[in-house]
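Printed here is protein-v4.pdb (PDB, C-alpha atoms):
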MODEL        1
ATOM      1  CA  MET A   1       1.726  22.097 -27.869  1.00  0.00           C
ATOM      2  CA  ASN A   2       0.915  19.622 -30.682  1.00  0.00           C
ATOM      3  CA  LYS A   3       3.513  17.216 -29.310  1.00  0.00           C
ATOM      4  CA  PHE A   4       1.884  17.545 -25.904  1.00  0.00           C
ATOM      5  CA  LYS A   5      -1.600  16.911 -27.296  1.00  0.00           C
ATOM      6  CA  SER A   6      -0.423  13.909 -29.257  1.00  0.00           C
ATOM      7  CA  LEU A   7       1.224  12.495 -26.127  1.00  0.00           C
ATOM      8  CA  ILE A   8      -2.073  12.762 -24.260  1.00  0.00           C
ATOM      9  CA  SER A   9      -4.025  11.326 -27.202  1.00  0.00           C
ATOM     10  CA  GLY A  10      -1.565   8.452 -27.438  1.00  0.00           C
ATOM     11  CA  VAL A  11      -1.895   7.710 -23.760  1.00  0.00           C
ATOM     12  CA  ALA A  12      -5.671   7.907 -23.953  1.00  0.00           C
ATOM     13  CA  LEU A  13      -5.814   5.548 -26.928  1.00  0.00           C
ATOM     14  CA  SER A  14      -3.107   3.063 -25.995  1.00  0.00           C
ATOM     15  CA  VAL A  15      -3.799   2.596 -22.326  1.00  0.00           C
ATOM     16  CA  THR A  16      -6.437   0.464 -20.785  1.00  0.00           C
ATOM     17  CA  LEU A  17      -8.376   2.692 -18.462  1.00  0.00           C
ATOM     18  CA  ALA A  18      -8.334   2.042 -14.793  1.00  0.00           C
ATOM     19  CA  THR A  19     -11.342  -0.043 -13.935  1.00  0.00           C
ATOM     20  CA  SER A  20     -13.820   1.280 -11.457  1.00  0.00           C
ATOM     21  CA  ALA A  21     -13.817  -0.778  -8.331  1.00  0.00           C
ATOM     22  CA  LEU A  22     -16.941  -2.532  -7.189  1.00  0.00           C
ATOM     23  CA  ALA A  23     -15.928  -2.249  -3.555  1.00  0.00           C
ATOM     24  CA  ALA A  24     -14.177   1.123  -3.490  1.00  0.00           C
ATOM     25  CA  GLY A  25     -15.610   4.288  -4.992  1.00  0.00           C
ATOM     26  CA  VAL A  26     -14.390   5.770  -8.274  1.00  0.00           C
ATOM     27  CA  GLU A  27     -12.139   8.190  -6.391  1.00  0.00           C
ATOM     28  CA  ILE A  28      -9.829   5.263  -5.534  1.00  0.00           C
ATOM     29  CA  ASN A  29      -7.953   3.294  -8.174  1.00  0.00           C
ATOM     30  CA  ALA A  30      -8.724  -0.240  -7.035  1.00  0.00           C
ATOM     31  CA  SER A  31      -9.454  -3.575  -8.668  1.00  0.00           C
ATOM     32  CA  SER A  32     -12.958  -4.972  -8.975  1.00  0.00           C
ATOM     33  CA  THR A  33     -12.318  -6.766  -5.670  1.00  0.00           C
ATOM     34  CA  GLY A  34     -11.318  -3.513  -3.976  1.00  0.00           C
ATOM     35  CA  LEU A  35      -7.557  -4.135  -3.900  1.00  0.00           C
ATOM     36  CA  ALA A  36      -5.735  -0.805  -3.985  1.00  0.00           C
ATOM     37  CA  MET A  37      -2.265  -0.115  -5.374  1.00  0.00           C
ATOM     38  CA  GLN A  38      -2.158  -3.536  -7.064  1.00  0.00           C
ATOM     39  CA  GLY A  39      -1.298  -5.009  -3.676  1.00  0.00           C
ATOM     40  CA  TYR A  40       1.789  -2.871  -3.049  1.00  0.00           C
ATOM     41  CA  ASP A  41       2.526  -1.631   0.464  1.00  0.00           C
ATOM     42  CA  PRO A  42       1.895   2.156   0.625  1.00  0.00           C
ATOM     43  CA  VAL A  43       4.049   2.554   3.744  1.00  0.00           C
ATOM     44  CA  ALA A  44       7.126   0.837   2.279  1.00  0.00           C
ATOM     45  CA  TYR A  45       7.710   3.703  -0.160  1.00  0.00           C
ATOM     46  CA  PHE A  46       8.426   5.884   2.865  1.00  0.00           C
ATOM     47  CA  THR A  47      10.233   3.337   5.049  1.00  0.00           C
ATOM     48  CA  ALA A  48      12.114   1.144   2.551  1.00  0.00           C
ATOM     49  CA  GLY A  49      12.311   3.693  -0.262  1.00  0.00           C
ATOM     50  CA  GLU A  50      11.088   1.207  -2.853  1.00  0.00           C
ATOM     51  CA  ALA A  51       7.984  -0.387  -4.311  1.00  0.00           C
ATOM     52  CA  THR A  52       7.294  -3.441  -2.141  1.00  0.00           C
ATOM     53  CA  LYS A  53       4.575  -6.034  -2.654  1.00  0.00           C
ATOM     54  CA  GLY A  54       2.307  -6.421   0.339  1.00  0.00           C
ATOM     55  CA  ASP A  55       1.464  -9.737   1.957  1.00  0.00           C
ATOM     56  CA  TYR A  56      -2.077 -10.960   1.291  1.00  0.00           C
ATOM     57  CA  ARG A  57      -2.290 -11.917   4.985  1.00  0.00           C
ATOM     58  CA  ILE A  58      -1.470  -8.399   6.264  1.00  0.00           C
ATOM     59  CA  THR A  59      -4.236  -6.051   5.162  1.00  0.00           C
ATOM     60  CA  ALA A  60      -6.273  -3.048   6.201  1.00  0.00           C
ATOM     61  CA  LEU A  61      -9.499  -1.646   4.814  1.00  0.00           C
ATOM     62  CA  HIS A  62      -9.641   2.118   4.282  1.00  0.00           C
ATOM     63  CA  ASP A  63     -12.466   3.931   2.447  1.00  0.00           C
ATOM     64  CA  GLU A  64     -13.706   0.540   1.240  1.00  0.00           C
ATOM     65  CA  ALA A  65     -10.378  -0.228  -0.470  1.00  0.00           C
ATOM     66  CA  LEU A  66      -8.090  -3.026   0.676  1.00  0.00           C
ATOM     67  CA  TYR A  67      -4.419  -2.255   1.232  1.00  0.00           C
ATOM     68  CA  ARG A  68      -1.700  -4.865   1.705  1.00  0.00           C
ATOM     69  CA  PHE A  69       1.432  -4.466   3.786  1.00  0.00           C
ATOM     70  CA  SER A  70       4.805  -6.149   3.879  1.00  0.00           C
ATOM     71  CA  SER A  71       4.901  -6.100   7.684  1.00  0.00           C
ATOM     72  CA  GLU A  72       2.676  -5.694  10.723  1.00  0.00           C
ATOM     73  CA  GLU A  73       4.653  -2.537  11.570  1.00  0.00           C
ATOM     74  CA  ASN A  74       3.724  -0.953   8.247  1.00  0.00           C
ATOM     75  CA  LYS A  75       0.097  -1.909   8.725  1.00  0.00           C
ATOM     76  CA  ALA A  76       0.100  -0.326  12.197  1.00  0.00           C
ATOM     77  CA  ALA A  77       1.705   2.868  10.830  1.00  0.00           C
ATOM     78  CA  PHE A  78      -0.947   3.057   8.096  1.00  0.00           C
ATOM     79  CA  GLU A  79      -3.821   2.457  10.477  1.00  0.00           C
ATOM     80  CA  ALA A  80      -2.497   5.168  12.803  1.00  0.00           C
ATOM     81  CA  ASN A  81      -2.354   7.765   9.998  1.00  0.00           C
ATOM     82  CA  PRO A  82      -3.546   6.566   6.569  1.00  0.00           C
ATOM     83  CA  GLU A  83      -3.451  10.044   5.039  1.00  0.00           C
ATOM     84  CA  ALA A  84       0.327  10.107   5.508  1.00  0.00           C
ATOM     85  CA  TYR A  85       0.748   7.098   3.205  1.00  0.00           C
ATOM     86  CA  LEU A  86      -2.128   7.102   0.724  1.00  0.00           C
ATOM     87  CA  PRO A  87      -1.076   7.978  -2.811  1.00  0.00           C
ATOM     88  CA  ALA A  88      -2.251  11.269  -4.270  1.00  0.00           C
ATOM     89  CA  TYR A  89      -5.318  11.274  -6.519  1.00  0.00           C
ATOM     90  CA  GLY A  90      -6.561   7.948  -5.179  1.00  0.00           C
ATOM     91  CA  GLY A  91      -3.613   6.103  -6.705  1.00  0.00           C
ATOM     92  CA  TYR A  92      -4.427   7.169 -10.246  1.00  0.00           C
ATOM     93  CA  CYS A  93      -1.640   8.446 -12.500  1.00  0.00           C
ATOM     94  CA  ALA A  94      -0.532  11.914 -11.345  1.00  0.00           C
ATOM     95  CA  PHE A  95       0.217  13.045 -14.903  1.00  0.00           C
ATOM     96  CA  GLY A  96      -3.184  11.772 -16.078  1.00  0.00           C
ATOM     97  CA  ALA A  97      -4.896  13.727 -13.297  1.00  0.00           C
ATOM     98  CA  ALA A  98      -3.003  16.839 -14.417  1.00  0.00           C
ATOM     99  CA  MET A  99      -4.519  16.300 -17.875  1.00  0.00           C
ATOM    100  CA  GLY A 100      -8.011  15.706 -16.449  1.00  0.00           C
ATOM    101  CA  PHE A 101      -8.069  11.917 -16.866  1.00  0.00           C
ATOM    102  CA  LYS A 102      -7.845   8.844 -14.676  1.00  0.00           C
ATOM    103  CA  PHE A 103      -5.288   6.277 -15.790  1.00  0.00           C
ATOM    104  CA  ASP A 104      -3.886   3.447 -13.715  1.00  0.00           C
ATOM    105  CA  GLY A 105      -1.104   4.482 -11.415  1.00  0.00           C
ATOM    106  CA  ASP A 106       1.637   1.863 -11.673  1.00  0.00           C
ATOM    107  CA  PRO A 107       3.141   1.238  -8.211  1.00  0.00           C
ATOM    108  CA  ASN A 108       6.538   0.757  -9.861  1.00  0.00           C
ATOM    109  CA  HIS A 109       6.548   4.307 -11.259  1.00  0.00           C
ATOM    110  CA  TRP A 110       6.406   6.551  -8.222  1.00  0.00           C
ATOM    111  CA  LYS A 111       7.939   9.525  -6.474  1.00  0.00           C
ATOM    112  CA  ILE A 112       7.537  11.096  -3.059  1.00  0.00           C
ATOM    113  CA  VAL A 113       7.252  14.884  -3.234  1.00  0.00           C
ATOM    114  CA  ASP A 114       6.800  16.913  -0.044  1.00  0.00           C
ATOM    115  CA  ASN A 115       5.963  13.721   1.885  1.00  0.00           C
ATOM    116  CA  LYS A 116       3.209  12.724  -0.569  1.00  0.00           C
ATOM    117  CA  LEU A 117       3.302   9.596  -2.745  1.00  0.00           C
ATOM    118  CA  TYR A 118       2.563  10.058  -6.447  1.00  0.00           C
ATOM    119  CA  LEU A 119       2.112   7.199  -8.916  1.00  0.00           C
ATOM    120  CA  ASN A 120       2.356   7.405 -12.682  1.00  0.00           C
ATOM    121  CA  LEU A 121       1.238   5.194 -15.527  1.00  0.00           C
ATOM    122  CA  SER A 122       4.609   4.266 -17.017  1.00  0.00           C
ATOM    123  CA  LYS A 123       8.281   5.170 -17.166  1.00  0.00           C
ATOM    124  CA  ASP A 124       7.736   7.528 -20.124  1.00  0.00           C
ATOM    125  CA  ILE A 125       4.857   9.297 -18.405  1.00  0.00           C
ATOM    126  CA  GLN A 126       6.855   9.520 -15.166  1.00  0.00           C
ATOM    127  CA  GLU A 127       9.703  11.206 -17.069  1.00  0.00           C
ATOM    128  CA  ARG A 128       7.280  13.680 -18.625  1.00  0.00           C
ATOM    129  CA  TRP A 129       5.744  14.418 -15.209  1.00  0.00           C
ATOM    130  CA  GLU A 130       9.194  14.950 -13.708  1.00  0.00           C
ATOM    131  CA  GLY A 131       9.751  17.734 -16.267  1.00  0.00           C
ATOM    132  CA  ASP A 132       7.485  20.050 -14.228  1.00  0.00           C
ATOM    133  CA  ILE A 133       6.466  18.340 -11.002  1.00  0.00           C
ATOM    134  CA  PRO A 134       5.192  21.491  -9.232  1.00  0.00           C
ATOM    135  CA  GLY A 135       3.156  22.563 -12.278  1.00  0.00           C
ATOM    136  CA  PHE A 136       1.665  19.114 -12.836  1.00  0.00           C
ATOM    137  CA  ILE A 137       0.813  18.721  -9.143  1.00  0.00           C
ATOM    138  CA  GLU A 138      -0.918  22.110  -9.227  1.00  0.00           C
ATOM    139  CA  SER A 139      -2.911  21.147 -12.349  1.00  0.00           C
ATOM    140  CA  ALA A 140      -3.757  17.674 -11.026  1.00  0.00           C
ATOM    141  CA  SER A 141      -4.889  19.008  -7.664  1.00  0.00           C
ATOM    142  CA  ALA A 142      -7.131  21.580  -9.349  1.00  0.00           C
ATOM    143  CA  ASN A 143      -8.542  18.952 -11.739  1.00  0.00           C
ATOM    144  CA  TRP A 144      -9.081  16.463  -8.926  1.00  0.00           C
ATOM    145  CA  GLU A 145     -11.783  18.724  -7.498  1.00  0.00           C
ATOM    146  CA  THR A 146     -13.952  18.005 -10.554  1.00  0.00           C
ATOM    147  CA  ILE A 147     -12.800  14.522 -11.634  1.00  0.00           C
ATOM    148  CA  ALA A 148     -12.551  12.663  -8.307  1.00  0.00           C
ATOM    149  CA  GLU A 149     -16.174  11.523  -8.375  1.00  0.00           C
ATOM    150  CA  LYS A 150     -16.198  10.577 -12.078  1.00  0.00           C
ATOM    151  CA  SER A 151     -15.293   7.187 -13.487  1.00  0.00           C
ATOM    152  CA  PRO A 152     -12.327   6.904 -15.872  1.00  0.00           C
ATOM    153  CA  ALA A 153     -14.752   6.092 -18.708  1.00  0.00           C
ATOM    154  CA  GLU A 154     -16.856   9.216 -18.026  1.00  0.00           C
ATOM    155  CA  LEU A 155     -13.752  11.366 -18.414  1.00  0.00           C
ATOM    156  CA  GLN A 156     -12.972   9.815 -21.804  1.00  0.00           C
ATOM    157  CA  THR A 157     -16.363  10.717 -23.246  1.00  0.00           C
ATOM    158  CA  GLN A 158     -16.290  14.406 -22.375  1.00  0.00           C
TER     159      GLN A 158
ENDMDL
END
So, in terms of structure tokens, how does the structure I just supplied come out?
Amino acid sequence: MNKFKSLISGVALSVTLATSALAAGVEINASSTGLAMQGYDPVAYFTAGEATKGDYRITALHDEALYRFSSEENKAAFEANPEAYLPAYGGYCAFGAAMGFKFDGDPNHWKIVDNKLYLNLSKDIQERWEGDIPGFIESASANWETIAEKSPAELQTQ
């Protein structure tokens, strides 16, 4: 357990916290301008099977966050059913949510589990999360009930 605690402490100390968005609420990991997923196309994970940068000219607003798409088809699919493509935990790191924190979810460190997109902070964190995906999803989902409405900074001070 000490190794586990030191991993979490290391992540908490070495990682810049996700910034709260001015446009989107704290439950969505978005930039100060409201851009979600660092501009990556949420639909492409499901259709192309890879992280794909969205085009700044092909966008949709959902819950006050701006999403970019690599094609008009992906935008249309998202607009028809956003819940099918939105990342879990507002795009924050799935492992961080399991630990009760909000860290940036890196669009390049992802996995689809049971038709849901999960992002993680880094390759190392992704590997740790993959060690017990069902357990970490269960913990993150339970934690999300209490942390969704809190800013990343609020969670660090508790």
Open item on the list: Residue by residue, what does the PyMOL selection byres ((chain A and resi 67-76) around 12) grab here? Present the result as a ChimeraX atom specification.
Closed with: /A:24,28-31,33-48,50-66,77-82,84-87,91
Open item on the list: Could you list, as a ChimeraX atom specification, every residue within 10 Å of A:Ala97, counting all atoms listed in the file and ignoring same-chain residues fewer than 2 positions away?
Closed with: /A:88-89,92-95,99-103,120,136-137,139-144,147-148
Task: Distance in Å - atom CA of A:Pro152 versus atom CA of A:Glu27 - done: 9.6 Å
- [ ] Find the residues around A:Glu127 up to 12 Å (all atoms listed in the file counted), leave out those fewer than 3 positions away in its own chain, and share them as an MDAnalysis selection string.
- [x] chainID A and resid 94:95 109:111 119:124 130:133
Edge lengths and centre in Å, axis-aligned, stretch 68-81 of chain A plus 5 Å each side, as JSON:
{"center_x": 0.5, "center_y": 0.8, "center_z": 7.3, "size_x": 18.7, "size_y": 23.9, "size_z": 21.1}
Open item on the list: Please determine, counting only C-alpha atoms, which residue among A:Gly49, A:Pro134, A:Gly96, A:Gly105 has the shortest atom-to-atom distance to A:Gln156.
Closed with: A:Gly96
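Coordinates place atom CA of A:Arg128 at a distance of 20.1 Å from atom CA of A:Gly90.
For the pair atom CA of A:Thr146 and atom CA of A:Ile125, the interatomic distance is 22.2 Å.
Proximity of A:Val113, A:Ser32, A:Val26, A:Asn108 to A:Leu155, computed with all atoms listed in the file, is greatest for A:Val26.
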